[in-house]
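Novice: For reference, the file upload.txt (compact mmCIF, C-alpha atoms) is included below:
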```txt
# COMPACT_ATOMS: atom_id res chain seq x y z
CA PHE A 69 97.91 105.26 104.48
CA SER A 70 95.04 102.78 104.80
CA HIS A 71 97.30 100.23 103.10
CA GLY A 72 100.55 101.78 104.18
CA ILE A 73 101.76 102.47 100.68
CA GLU A 74 101.20 104.57 97.60
CA VAL A 75 100.44 102.23 94.72
CA ALA A 76 100.68 102.85 91.02
CA GLN A 77 97.38 103.40 89.24
CA GLY A 78 95.77 100.08 88.38
CA ARG A 79 96.05 98.75 84.86
CA LYS A 80 95.97 95.34 83.27
CA PRO A 81 99.35 93.63 83.01
CA SER A 82 100.86 93.24 79.58
CA LYS A 83 100.84 89.81 78.00
CA SER A 84 104.61 89.71 78.05
CA SER A 85 104.85 90.39 81.74
CA GLY A 86 102.47 89.64 84.57
CA SER A 87 104.23 91.95 86.98
CA ARG A 88 103.56 95.48 88.04
CA THR A 89 105.96 97.80 89.77
CA VAL A 90 104.67 99.54 92.87
CA SER A 91 105.81 103.01 93.85
CA LYS A 92 107.23 102.74 97.33
CA GLN A 93 109.42 105.01 99.40
CA ASN A 94 111.53 102.10 100.63
CA SER A 95 112.60 100.10 97.61
CA ARG A 96 114.29 97.31 99.51
CA LYS A 97 112.84 93.86 98.86
CA PRO A 98 111.35 92.07 101.85
CA SER A 99 114.18 90.49 103.80
CA SER A 100 114.24 87.14 105.50
CA LYS A 101 112.79 87.13 108.98
CA ARG A 102 115.03 87.31 111.99
CA THR A 103 114.36 86.19 115.52
CA ALA A 104 114.95 88.60 118.40
CA SER A 105 118.51 87.30 118.58
CA GLY A 106 119.10 88.00 114.91
CA ALA A 107 119.05 84.38 113.78
CA PRO A 108 117.03 83.46 110.68
CA ALA A 109 113.49 82.24 111.35
CA ALA A 110 111.65 79.61 109.36
CA ALA A 111 110.15 81.04 106.18
CA GLY A 112 106.44 81.76 106.51
CA ALA A 113 106.33 81.13 110.26
CA ALA A 114 104.76 83.72 112.51
CA ALA A 115 106.28 84.23 115.96
CA GLY A 116 103.81 81.78 117.53
CA GLY A 117 102.62 79.90 114.46
CA SER A 118 98.96 79.65 113.51
CA PRO A 119 96.44 80.08 116.33
CA PHE A 120 94.42 77.32 114.62
CA PRO A 121 96.60 74.20 115.01
CA GLY A 122 95.45 71.45 112.71
CA PHE A 123 93.49 73.71 110.38
CA SER A 124 94.91 72.82 106.98
CA ARG A 125 93.88 75.77 104.79
CA PRO A 126 95.36 77.46 102.97
CA THR A 127 98.40 75.45 102.01
CA ALA A 128 101.39 77.17 100.45
CA ALA A 129 100.26 75.68 97.14
CA ASP A 130 96.76 77.20 97.60
CA VAL A 131 98.26 80.65 98.09
CA THR A 132 100.67 80.24 95.19
CA ASP A 133 97.91 79.13 92.83
CA LEU A 134 95.58 81.98 93.81
CA HIS A 135 98.36 84.52 93.46
CA LYS A 136 99.23 83.20 90.01
CA ALA A 137 95.60 83.49 88.88
CA LEU A 138 95.14 86.99 90.34
CA ALA A 139 98.47 88.24 88.98
CA LYS A 140 97.38 87.33 85.45
CA VAL A 141 94.59 89.88 85.81
CA PHE A 142 95.96 92.52 88.20
CA GLY A 143 99.71 92.08 87.78
CA GLU A 144 102.27 90.83 90.25
CA ARG A 145 103.28 93.61 92.63
CA ARG A 146 106.97 94.26 93.18
CA PRO A 147 108.89 97.03 94.95
CA THR A 148 110.17 99.82 92.74
CA LYS A 149 113.91 99.59 92.23
CA GLY A 150 116.25 102.55 92.31
CA ARG A 151 114.37 104.79 94.75
CA SER A 152 116.75 105.89 97.49
CA ARG A 153 114.36 108.02 99.53
CA ARG A 154 112.89 106.22 102.53
CA ARG A 155 109.59 107.07 104.11
CA ASP A 156 109.81 108.08 107.77
CA ILE A 157 108.39 105.31 109.98
CA LEU A 158 106.73 107.78 112.34
CA ASP A 159 105.01 109.30 109.29
CA THR A 160 103.53 105.88 108.54
CA VAL A 161 102.39 105.31 112.12
CA VAL A 162 100.71 108.70 112.37
CA GLY A 163 99.21 108.33 108.91
CA THR A 164 97.60 105.00 109.78
CA ILE A 165 96.25 106.40 113.05
CA LEU A 166 94.68 109.26 111.13
CA SER A 167 93.17 106.80 108.62
CA GLN A 168 91.07 105.10 111.28
CA ASN A 169 87.28 105.57 111.06
CA THR A 170 87.40 107.95 108.12
CA THR A 171 87.89 108.07 104.37
CA ASN A 172 91.26 108.07 102.60
CA THR A 173 90.54 111.61 101.39
CA ASN A 174 89.92 112.93 104.88
CA SER A 175 92.87 111.13 106.45
CA HIS A 176 95.29 112.39 103.79
CA ALA A 177 93.96 115.92 104.28
CA ALA A 178 94.48 115.64 108.05
CA PHE A 179 98.02 114.32 107.61
CA THR A 180 98.92 117.05 105.11
CA LYS A 181 97.57 119.79 107.37
CA LEU A 182 99.43 118.38 110.37
CA LYS A 183 102.76 118.18 108.52
CA THR A 184 102.29 121.65 107.05
CA LYS A 185 101.67 123.21 110.45
CA PHE A 186 104.31 121.24 112.34
CA LYS A 187 107.51 120.73 110.37
CA THR A 188 108.88 118.07 112.73
CA TRP A 189 107.40 115.46 115.03
CA ASP A 190 109.29 117.09 117.87
CA LEU A 191 107.11 120.16 117.40
CA VAL A 192 104.05 117.92 117.60
CA ARG A 193 105.43 116.45 120.82
CA VAL A 194 105.64 119.81 122.60
CA ALA A 195 102.55 121.39 121.05
CA LYS A 196 99.32 122.00 122.93
CA ALA A 197 96.83 119.24 122.26
CA SER A 198 94.28 121.77 121.06
CA ALA A 199 96.69 123.01 118.38
CA VAL A 200 97.16 119.48 117.03
CA GLU A 201 93.44 118.77 117.16
CA VAL A 202 92.66 121.77 114.96
CA GLU A 203 94.89 120.45 112.17
CA ILE A 204 93.54 116.89 112.15
CA ARG A 205 89.88 117.61 112.86
CA CYS A 206 88.87 116.84 109.26
CA GLY A 207 89.90 113.22 109.84
CA GLY A 208 87.54 112.72 112.76
CA LEU A 209 88.14 111.64 116.37
CA ALA A 210 90.67 114.46 116.72
CA PRO A 211 90.97 114.44 120.56
CA LYS A 212 91.57 110.69 120.73
CA LYS A 213 94.00 110.62 117.79
CA THR A 214 95.90 113.62 119.15
CA LYS A 215 96.36 111.84 122.48
CA TRP A 216 97.68 108.72 120.76
CA ILE A 217 100.05 110.62 118.46
CA GLN A 218 101.51 112.81 121.20
CA HIS A 219 101.89 109.81 123.51
CA ILE A 220 104.04 108.04 120.91
CA CYS A 221 106.12 111.18 120.29
CA ARG A 222 106.68 111.81 124.01
CA THR A 223 107.45 108.18 124.78
CA MET A 224 110.06 108.00 122.02
CA HIS A 225 111.70 111.22 123.19
CA LYS A 226 111.75 110.03 126.80
CA GLU A 227 113.12 106.58 125.99
CA ARG A 228 115.54 107.41 123.19
CA GLY A 229 116.21 111.13 123.37
CA GLU A 230 114.66 111.82 119.96
CA THR A 231 111.19 111.88 118.45
CA SER A 232 111.81 109.17 115.91
CA LEU A 233 111.07 105.52 115.18
CA GLU A 234 113.89 105.02 112.69
CA TYR A 235 115.73 102.73 115.12
CA LEU A 236 113.10 100.08 114.31
CA ARG A 237 114.84 99.44 110.98
CA LYS A 238 117.44 97.42 112.90
CA GLU A 239 114.91 95.40 114.89
CA SER A 240 113.49 91.95 114.10
CA LYS A 241 109.97 91.53 112.78
CA GLU A 242 108.70 90.30 116.15
CA SER A 243 110.45 93.11 118.04
CA VAL A 244 108.81 95.72 115.80
CA HIS A 245 105.42 94.24 116.71
CA ASN A 246 106.21 94.26 120.43
CA LEU A 247 107.63 97.78 120.43
CA LEU A 248 104.76 99.36 118.51
CA GLU A 249 101.70 97.41 119.64
CA ARG A 250 102.15 98.73 123.18
CA PHE A 251 100.84 102.07 121.94
CA PRO A 252 97.08 102.72 121.91
CA GLY A 253 95.86 103.19 118.35
CA VAL A 254 98.56 100.96 116.84
CA GLY A 255 97.40 97.47 115.95
CA LYS A 256 98.78 94.44 114.16
CA LYS A 257 97.79 95.71 110.71
CA THR A 258 99.68 98.98 111.17
CA VAL A 259 102.79 97.18 112.40
CA ALA A 260 102.62 94.59 109.62
CA ILE A 261 102.42 97.40 107.06
CA ILE A 262 105.51 99.04 108.55
CA ASN A 263 107.36 95.73 108.53
CA LEU A 264 106.35 94.91 104.97
CA PHE A 265 106.77 98.27 103.23
CA ASP A 266 109.10 100.38 105.38
CA ILE A 267 111.49 97.91 107.00
CA GLY A 268 111.42 94.97 104.61
CA HIS A 269 110.27 92.07 106.79
CA PRO A 270 107.72 89.80 105.09
CA ASP A 271 104.54 90.35 107.09
CA MET A 272 101.01 89.57 105.83
CA ALA A 273 99.05 92.67 106.83
CA VAL A 274 95.32 91.93 107.09
CA ASP A 275 92.75 94.66 106.50
CA THR A 276 88.99 94.35 106.01
CA HIS A 277 89.42 93.21 102.40
CA VAL A 278 91.91 90.45 103.21
CA PHE A 279 89.83 89.30 106.19
CA ARG A 280 86.66 89.08 104.09
CA TYR A 281 88.37 87.20 101.26
CA ALA A 282 90.02 84.75 103.68
CA GLU A 283 86.64 83.86 105.18
CA GLN A 284 84.96 83.53 101.79
CA LEU A 285 87.74 81.25 100.50
CA GLY A 286 87.46 78.99 103.53
CA TRP A 287 90.93 79.96 104.66
CA MET A 288 89.64 80.64 108.16
CA PRO A 289 87.65 78.16 110.28
CA SER A 290 83.89 78.57 110.13
CA ALA A 291 81.92 78.86 113.36
CA LYS A 292 80.81 75.24 112.96
CA GLN A 293 84.36 74.00 112.31
CA ARG A 294 85.60 75.86 115.36
CA GLU A 295 82.80 74.48 117.54
CA THR A 296 83.46 70.92 116.39
CA HIS A 297 87.22 71.23 116.86
CA ASN A 298 86.96 72.75 120.33
CA ALA A 299 84.53 70.04 121.48
CA ARG A 300 87.22 67.48 120.65
CA ALA A 301 90.23 69.49 121.86
CA GLY A 302 92.21 67.66 124.51
CA SER A 303 93.68 70.77 126.13
CA ALA A 304 93.27 74.53 126.26
CA LYS A 305 96.28 74.92 123.96
CA GLU A 306 94.56 72.91 121.27
CA ARG A 307 91.40 75.02 121.31
CA TRP A 308 90.83 77.48 118.47
CA PRO A 309 90.22 81.13 119.36
CA VAL A 310 87.43 83.28 117.98
CA VAL A 311 88.02 84.29 114.37
CA THR A 312 88.90 87.99 114.31
CA ARG A 313 91.05 90.15 112.08
CA ASP A 314 93.95 89.66 114.50
CA THR A 315 93.69 85.87 114.59
CA CYS A 316 93.29 85.93 110.80
CA TYR A 317 96.54 87.90 110.60
CA ALA A 318 98.36 85.40 112.83
CA HIS A 319 97.10 82.46 110.75
CA LEU A 320 97.78 83.91 107.30
CA ASP A 321 101.18 85.26 108.27
CA ALA A 322 102.13 81.79 109.53
CA VAL A 323 101.05 79.91 106.39
CA PHE A 324 101.61 82.36 103.51
CA PRO A 325 104.95 81.95 101.70
CA ASP A 326 107.12 84.96 102.57
CA ARG A 327 107.90 85.63 98.91
CA LEU A 328 104.21 86.25 98.14
CA LYS A 329 103.18 88.43 101.09
CA TYR A 330 104.10 91.73 99.43
CA SER A 331 102.32 91.05 96.16
CA MET A 332 99.30 89.28 97.66
CA HIS A 333 98.66 92.04 100.17
CA LEU A 334 98.61 94.69 97.48
CA ILE A 335 96.50 92.73 95.00
CA LEU A 336 93.95 92.01 97.72
CA THR A 337 93.81 95.57 99.06
CA ASP A 338 94.44 97.92 96.11
CA THR A 339 91.13 99.77 95.71
CA ARG A 340 92.29 101.39 92.45
CA GLY A 341 93.76 98.50 90.51
CA GLY A 342 93.35 95.34 92.55
CA LEU A 343 90.72 92.77 93.50
CA PRO A 344 88.55 95.21 95.54
CA THR A 345 87.69 97.08 92.33
CA VAL A 346 85.58 94.12 91.19
CA CYS A 347 84.98 92.13 94.38
CA THR A 348 83.55 94.57 96.89
CA ALA A 349 81.96 94.02 100.29
CA ARG A 350 78.73 93.15 98.47
CA ASP A 351 80.38 90.39 96.41
CA SER A 352 81.58 86.87 97.07
CA LEU A 353 84.97 85.43 96.15
CA ALA A 354 85.71 81.80 95.34
CA PHE A 355 88.66 79.88 93.89
CA GLU A 356 87.77 76.58 92.25
CA ALA A 357 89.88 74.36 90.00
CA GLY A 358 92.33 77.19 89.37
CA ALA A 359 89.62 79.70 88.46
CA VAL A 360 88.87 82.88 90.43
CA LEU A 361 85.11 83.47 90.66
CA VAL A 362 83.24 86.59 91.74
CA ASN A 363 79.63 85.83 92.59
CA GLY A 364 80.08 82.55 90.74
CA ARG A 365 81.30 84.18 87.53
CA PRO A 366 84.84 84.13 86.07
CA LEU A 367 86.96 87.02 87.29
CA ARG A 368 87.96 88.24 83.80
CA GLU A 369 84.32 88.37 82.76
CA VAL A 370 83.44 90.52 85.77
CA VAL A 371 86.45 92.78 85.16
CA ARG A 372 85.40 93.38 81.55
CA GLU A 373 81.78 94.00 82.50
CA ARG A 374 82.59 96.54 85.21
CA ALA A 375 85.17 98.29 83.06
CA ALA A 376 82.53 98.72 80.36
CA ALA A 377 80.04 100.02 82.92
CA ARG A 378 82.51 102.67 84.10
CA LYS A 379 82.91 103.93 80.53
CA GLU A 380 79.17 104.45 80.06
```
Take the structure in the file and give it back as structure tokens.

Specialist:
Amino acid sequence: FSHGIEVAQGRKPSKSSGSRTVSKQNSRKPSSKRTASGAPAAAGAAAGGSPFPGFSRPTAADVTDLHKALAKVFGERRPTKGRSRRRDILDTVVGTILSQNTTNTNSHAAFTKLKTKFKTWDLVRVAKASAVEVEIRCGGLAPKKTKWIQHICRTMHKERGETSLEYLRKESKESVHNLLERFPGVGKKTVAIINLFDIGHPDMAVDTHVFRYAEQLGWMPSAKQRETHNARAGSAKERWPVVTRDTCYAHLDAVFPDRLKYSMHLILTDTRGGLPTVCTARDSLAFEAGAVLVNGRPLREVVRERAAARKE
């Protein structure tokens, strides 16, 4: 749940096709954005646009070129066709809450134990907090996470008469953000994941990997650029905010082409078959003259070297 989706095991794309199919419970392709009124929104535009007005990177061409180069190595990611089963949205929300401040192994164990003990979210809603805590303790922060999970369940039941978030499938991208971000423990990344993979709205979810890569590529303003810009800003609206994961999300979601958000998110976050397998937190990413570089070396060279090291 750290990336909101179960991805196929990583492998190099075939020469005849640079695409890779991704196993996903909701097989619908990302739909065009809608405003709260249901009218189409401009492609690639976040609800409020970029929080860094005048910052020119990345352009749509920058993103397209990087995606093309990465897809040659890791494969383009596309939704699996023909799967009719949809993942429950409340499952995703709870799963991402459980994934916070722990490992994927521990969070999956906590989620499995919780679902085994309580067959429905309505049973979680009415359960004693201590009973829920016991099941999710292996994921850490059990008291806090229990409070968040039960608050969501009880709020949904009070407001809508059922312990479910499935009604969000009919809401606009922006409405999904507003309706879910009011809950403690649910941030922009979680909501963007739900939009992108469960509902079908193009939404550029930003995790620690994406945030790190964006800064290394110069796709976010540096501290010096921000200081210089703000010293010249004519009004408060023109000033650039502090660079955080949330402001990075708002910027990338505004400038990334909608058609690439699904594939780019997965390539940049897949810890089994994507860029993080060769460009970790200890490494540096660059993109120069159409070439992807890791620590100054060509990406394919690094991929081959690390694959050989794993075989030894």

Novice: Measuring atom to atom with all atoms listed in the file, identify which of A:His319, A:Arg205, A:Arg228, A:His245 is nearest to A:Thr170.

Specialist: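 Looking at the shortest contact to A:Thr170, the residue is A:Arg205.
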
Novice: Taking a cut-off of 9 Å and counting only C-alpha atoms, can you build a table that, for each residue of stretch 126-206 of chain A near stretch 264-280 of chain A, reports the nearest atom pair and how far apart they are in Å (one decimal), sorted by chain then residue number, as a tab-separated table?

Specialist:
```
residue	atom	partner	partner_atom	distance
A:Pro147	CA	A:Phe265	CA	8.6
A:Arg154	CA	A:Asp266	CA	7.5
A:Arg155	CA	A:Asp266	CA	6.8
A:Asp156	CA	A:Asp266	CA	8.1
A:Ile157	CA	A:Asp266	CA	6.8
A:Thr160	CA	A:Asp266	CA	8.4
```

Novice: Based on the selection just made, write C-alpha atoms of those residues as a compact mmCIF listing (two decimals), keeping the file's coordinate frame.

Specialist:
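Contents of the output file result-v2.txt:
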```
# COMPACT_ATOMS: atom_id res chain seq x y z
CA PRO A 147 108.89 97.03 94.95
CA ARG A 154 112.89 106.22 102.53
CA ARG A 155 109.59 107.07 104.11
CA ASP A 156 109.81 108.08 107.77
CA ILE A 157 108.39 105.31 109.98
CA THR A 160 103.53 105.88 108.54
```

Novice: Between A:Val310, A:Leu158, A:Leu361, A:Val141, which one has atoms that come closest to A:Thr258, using all atoms listed in the file?

Specialist: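 With all atoms listed in the file as the atom set, the closest residue is A:Leu158.
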
Novice: Work out how far atom CA of A:Pro121 is from atom CA of A:Gln293, in Å to one decimal.

Specialist: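 The value is 12.5 Å.
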
Novice: Under the rule that all atoms listed in the file are counted, which of A:Glu203, A:Asp314, A:Glu230, A:Glu249 is the nearest residue to A:Met288?

Specialist: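 Among the listed residues, the smallest separation from A:Met288 belongs to A:Asp314.
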
Novice: Measuring atom to atom with all atoms listed in the file, identify which of A:Leu328, A:Pro119, A:Ala301, A:Glu242 is nearest to A:Asp133.

Specialist: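 Among A:Leu328, A:Pro119, A:Ala301, A:Glu242, it is A:Leu328 that comes nearest to A:Asp133.
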
Novice: Give the answer as one residue: which of A:Lys257, A:Arg250, A:Lys305, A:Lys185 has the shortest atom-to-atom distance to A:Ala318, using all atoms listed in the file?

Specialist: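 Closest to A:Ala318, using all atoms listed in the file: A:Lys257.
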
Novice: Please provide as a PyMOL selection string all residues within 12 Å of A:Ser167, with the sequence filter that same-chain residues fewer than 6 positions apart are discarded (counting all atoms listed in the file).

Specialist: chain A and resi 69-72+160-161+173-179+204+206-210+213+253-254+258

Novice: Taking (105.9, 115.0, 116.9) in the file's own coordinates, collect the residues within 12 Å, counting all atoms listed in the file, and hand them back as a PyMOL selection string.

Specialist: chain A and resi 158-159+161-162+182-183+185-197+200+214-225+230-233

Novice: Pick the closest to A:Ala349 from A:Glu201, A:Gln284, A:Val371, A:Leu320: which is it, counting all atoms listed in the file?

Specialist: A:Gln284

Novice: In Å, rounded to a single decimal, give me how far atom CA of A:Glu239 is from atom CA of A:Lys149.

Specialist: 23.1 Å

Novice: Could you work out how far atom CA of A:His333 lies from atom CA of A:Arg125, giving the answer in Å with one decimal?

Specialist: 17.6 Å
